[in-house]
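Worksheet: the structure to be examined is printed underneath.
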Amino acid sequence: MGNSQSPPPNPRFNSASRCLRAFTPKELEDLKSLFNSLAAQSQTNGQYVSSSVFQVYFGLKGPLGERMFDLATQGRKDDKLTFEDLVITKGTYVKGTNDEIEEFIYRLLDVTDDEILTRSDLDSVLVNMFNHIFQLKGSQPESSSHCYMVETFLNAATFSKDHEGRDKSMSFEDFKSWCTLVPSVKKFLSNLLVPPDPGRPGSKVPKLQYSENIDSSILLLRDEYAWHMGGALSHEELEEWKLLYHSSLNGLSFNTFLGNISNGDEPTVLIIKDREGYIFGGFASQPWERHGDFYGDMKTFLFQLYPKASIFRPTGANSNLQWCAVNFSSETIPNGIGFGGRINHFGMFLSASFDQGHTFSCTTFNSPCLSKTAKICPEVIECWGVVRKGLEQETTDVVKGTVLERFKEDRHMLNLVGIANASE
């Protein structure tokens, strides 16, 4: 894999002495206890850990587990992980610099160990990942869903490195760019040497809540999509997402949309499927409220779900993050909701009629046009509320039924539609 854009041909591990210094005495003691336990299970008189015991403990199966053990033992092929191997591996992969960690993951993806990172390598790793993640969650997707999702992640990857007589491969720079588009993949691959459980970073999938009388087949959001977006979110934002609005159930109505999402200040996930079959949207970190200008914060992002999976986070180029204009009569303030870009040239925009919109490339998120063409003709619009545990309102049904509470809700709706104050 060696050229000006890739790491040296052989893995460059830090010296054992340097890696030892990366750990506190307590961490080193815990690491030694772990090694002793795994070595005992390997029945090697405490000398080394076998590949099978290593993979079972860390929940690594298939080509990904085999490749991790191969890197950890520095390619000796002797099925013997020593304590020094474990210290050097965790010192590099867990305690190393960002460049060292990325280099390790890049080599980890080369499951065939031929120093050429191909589409086939990534395909194998992604299937391995999905099997692991959704087995932990207890909702193993069907193989057809696997193929569907693997393809969307691969479609976001670039393979620019030439090889005589072979297909192009992924360079180290290609890999780093891909990681920014699919942060969920990097988050998962950065935490493999942590005991497996559903809370392991990169493995958590939000629980999708919706009425039991809703046919799940009409929903755009699926577990794999939620996991993909979770790569850009905090652990607390991956507990539970609840369906707030669906155009097939509530109609293509801007007023209904605002009414359904007006009772909380939680972040929302807006997803659109257009007539071209493209699926994309935006994560709104701030409530949808009437403004005459852009607002929002740096947690907001745009995303693509199909035919490629990508996330586009704010670049800091400008603060044109969220847009929500309702009942403005000025031509310079288009009524509708949007993300990024500039007025009439948004990164993504839905008009107040909810029957059209547009998407352009924008510097706000360094995002491309999210669909096949700039014009959006929505077929399905869906919105989910992100429930942040510990911040939920503890209002009872009785209190919500009081005149005062109803007045507050009514007042909030009037603000949304811009008629609460005559001065507005």
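Each chain in the structure tokens gets a letter, A, B and so on, in the order shown; residues start at 1 in every chain, and ligands are counted from 1 in the order they appear.
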All residues 10 Å or closer to Ser211 in chain A, only C-alpha atoms, same chain fewer than 3 positions away omitted, as a PyMOL selection string: chain A and resi 214-216+242-243
If you take only C-alpha atoms and a cut-off of 8 Å, which residues of range 305-332 of chain A touch range 362-379 of chain A, and what are their nearest atom pairs and distances in Å to one decimal, in chain and number order, as JSON lines?
```
{"residue": "A:Phe312", "atom": "CA", "partner": "A:Phe365", "partner_atom": "CA", "distance": 5.3}
{"residue": "A:Arg313", "atom": "CA", "partner": "A:Phe365", "partner_atom": "CA", "distance": 5.2}
{"residue": "A:Pro314", "atom": "CA", "partner": "A:Phe365", "partner_atom": "CA", "distance": 4.4}
{"residue": "A:Thr315", "atom": "CA", "partner": "A:Phe365", "partner_atom": "CA", "distance": 5.4}
{"residue": "A:Gly316", "atom": "CA", "partner": "A:Thr364", "partner_atom": "CA", "distance": 6.7}
{"residue": "A:Ala317", "atom": "CA", "partner": "A:Thr364", "partner_atom": "CA", "distance": 5.7}
{"residue": "A:Asn318", "atom": "CA", "partner": "A:Thr364", "partner_atom": "CA", "distance": 5.8}
{"residue": "A:Ser319", "atom": "CA", "partner": "A:Thr364", "partner_atom": "CA", "distance": 7.2}
{"residue": "A:Asn320", "atom": "CA", "partner": "A:Thr364", "partner_atom": "CA", "distance": 6.6}
{"residue": "A:Leu321", "atom": "CA", "partner": "A:Thr364", "partner_atom": "CA", "distance": 7.1}
```
Which residue of A:Ser353, A:Ser285, A:Ser171, A:Ser310 approaches Met149 in chain A most closely, using only C-alpha atoms: A:Ser310
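Residue neighbourhood of Leu350 in chain A, excluding near-sequence residues (fewer than 5 positions): A:Phe254, A:Ile272, A:Trp323, A:Cys324, A:Pro334, A:Asn335, A:Gly336, A:Ile337, A:Gly338, A:Phe339, A:Asp355, A:Gln356, A:Gly357, A:His358, A:Thr359, A:Ile376, A:Cys377, A:Pro378, A:Ile381, at 10 Å, using only C-alpha atoms.
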Counting only C-alpha atoms, the residue of A:Thr332, A:Thr97, A:Ser253, A:Ser247 that sits nearest Gly292 in chain A: A:Thr332
Spatial neighbours of Glu331 in chain A, 12 Å, only C-alpha atoms, chain gap at least 5 places, as number ranges by chain: A: 292, 325, 343-344
Take the residues from that selection and write them out as a PDB file, in the first residue's frame, keeping all heavy atoms.
```pdb
ATOM      1  N   GLY A 292     -36.869  34.625  10.544  1.00  0.00           N
ATOM      2  CA  GLY A 292     -36.739  35.332   9.275  1.00  0.00           C
ATOM      3  C   GLY A 292     -35.340  35.236   8.717  1.00  0.00           C
ATOM      4  O   GLY A 292     -34.992  35.905   7.743  1.00  0.00           O
ATOM      5  N   ALA A 325     -39.205  29.275   7.832  1.00  0.00           N
ATOM      6  CA  ALA A 325     -39.964  30.510   7.567  1.00  0.00           C
ATOM      7  C   ALA A 325     -41.425  30.153   7.337  1.00  0.00           C
ATOM      8  O   ALA A 325     -41.734  29.304   6.498  1.00  0.00           O
ATOM      9  CB  ALA A 325     -39.393  31.238   6.356  1.00  0.00           C
ATOM     10  N   ILE A 343     -30.289  31.706   0.757  1.00  0.00           N
ATOM     11  CA  ILE A 343     -31.695  31.843   0.358  1.00  0.00           C
ATOM     12  C   ILE A 343     -31.859  31.552  -1.136  1.00  0.00           C
ATOM     13  O   ILE A 343     -31.118  32.068  -1.974  1.00  0.00           O
ATOM     14  CB  ILE A 343     -32.200  33.256   0.701  1.00  0.00           C
ATOM     15  CG1 ILE A 343     -32.260  33.431   2.225  1.00  0.00           C
ATOM     16  CG2 ILE A 343     -33.579  33.507   0.088  1.00  0.00           C
ATOM     17  CD1 ILE A 343     -32.631  34.830   2.673  1.00  0.00           C
ATOM     18  N   ASN A 344     -32.841  30.689  -1.424  1.00  0.00           N
ATOM     19  CA  ASN A 344     -33.159  30.237  -2.783  1.00  0.00           C
ATOM     20  C   ASN A 344     -32.055  29.377  -3.416  1.00  0.00           C
ATOM     21  O   ASN A 344     -32.129  29.048  -4.601  1.00  0.00           O
ATOM     22  CB  ASN A 344     -33.488  31.421  -3.710  1.00  0.00           C
ATOM     23  CG  ASN A 344     -34.743  32.144  -3.269  1.00  0.00           C
ATOM     24  OD1 ASN A 344     -35.706  31.522  -2.810  1.00  0.00           O
ATOM     25  ND2 ASN A 344     -34.745  33.470  -3.390  1.00  0.00           N
TER      26      ASN A 344
END
```
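Between Pro195 in chain A and the residues A:Gln209, A:Asn36, A:Phe54, A:Phe346, the shortest atom-to-atom distance, using only C-alpha atoms, involves A:Phe54.
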Non-local contacts of Ser52 in chain A (12 Å; only C-alpha atoms; under 4 positions in same chain excluded) as a list in words: Leu38, Ala39, Gln41, Ser42, Gln43, Tyr48, Val56, Tyr57, Phe58, Gly59, Leu60, Lys61, Gly62, Gly65, Glu66, Met68, Phe69, Asp70, Asp79, Lys80 and Leu81 of chain A
Just the selected residues (C-alpha atoms), exported as a PDB file, in the first residue's frame, please.
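Result file follows (selection22.pdb):
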```pdb
ATOM      1  CA  LEU A  38      -7.505 -15.142  28.337  1.00  0.00           C
ATOM      2  CA  ALA A  39      -4.245 -17.086  28.449  1.00  0.00           C
ATOM      3  CA  GLN A  41      -8.732 -20.019  28.733  1.00  0.00           C
ATOM      4  CA  SER A  42      -6.281 -20.717  25.906  1.00  0.00           C
ATOM      5  CA  GLN A  43      -4.687 -23.491  27.999  1.00  0.00           C
ATOM      6  CA  TYR A  48      -0.051 -16.564  25.255  1.00  0.00           C
ATOM      7  CA  VAL A  56     -14.597 -14.808  21.238  1.00  0.00           C
ATOM      8  CA  TYR A  57     -13.752 -12.396  24.067  1.00  0.00           C
ATOM      9  CA  PHE A  58     -13.826  -9.296  21.870  1.00  0.00           C
ATOM     10  CA  GLY A  59     -16.814 -10.511  19.858  1.00  0.00           C
ATOM     11  CA  LEU A  60     -14.884 -10.569  16.607  1.00  0.00           C
ATOM     12  CA  LYS A  61     -15.877 -13.160  14.042  1.00  0.00           C
ATOM     13  CA  GLY A  62     -14.924 -13.953  10.480  1.00  0.00           C
ATOM     14  CA  GLY A  65     -11.512 -10.981  13.770  1.00  0.00           C
ATOM     15  CA  GLU A  66      -8.858 -12.944  11.945  1.00  0.00           C
ATOM     16  CA  MET A  68      -7.284  -8.057  13.955  1.00  0.00           C
ATOM     17  CA  PHE A  69      -5.471 -11.030  15.527  1.00  0.00           C
ATOM     18  CA  ASP A  70      -3.002 -11.086  12.634  1.00  0.00           C
ATOM     19  CA  ASP A  79      -1.550 -18.297  16.801  1.00  0.00           C
ATOM     20  CA  LYS A  80       0.227 -16.836  19.840  1.00  0.00           C
ATOM     21  CA  LEU A  81      -0.646 -13.398  21.237  1.00  0.00           C
TER      22      LEU A  81
END
```
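Within range 198-301 of chain A, DSSP applied to the backbone places the following residues in helix (DSSP H, G or I): Ser216, Ser217, Ile218, Asp223, Glu224, Tyr225, Ala226, Trp227, His228, Met229, Gly230, His235, Glu236, Glu237, Leu238, Ser247, Ser248, Leu249, Asn250, Phe254, Asn255, Thr256, Phe257, Leu258, Gly259, Asn260 and Ile261 of chain A.
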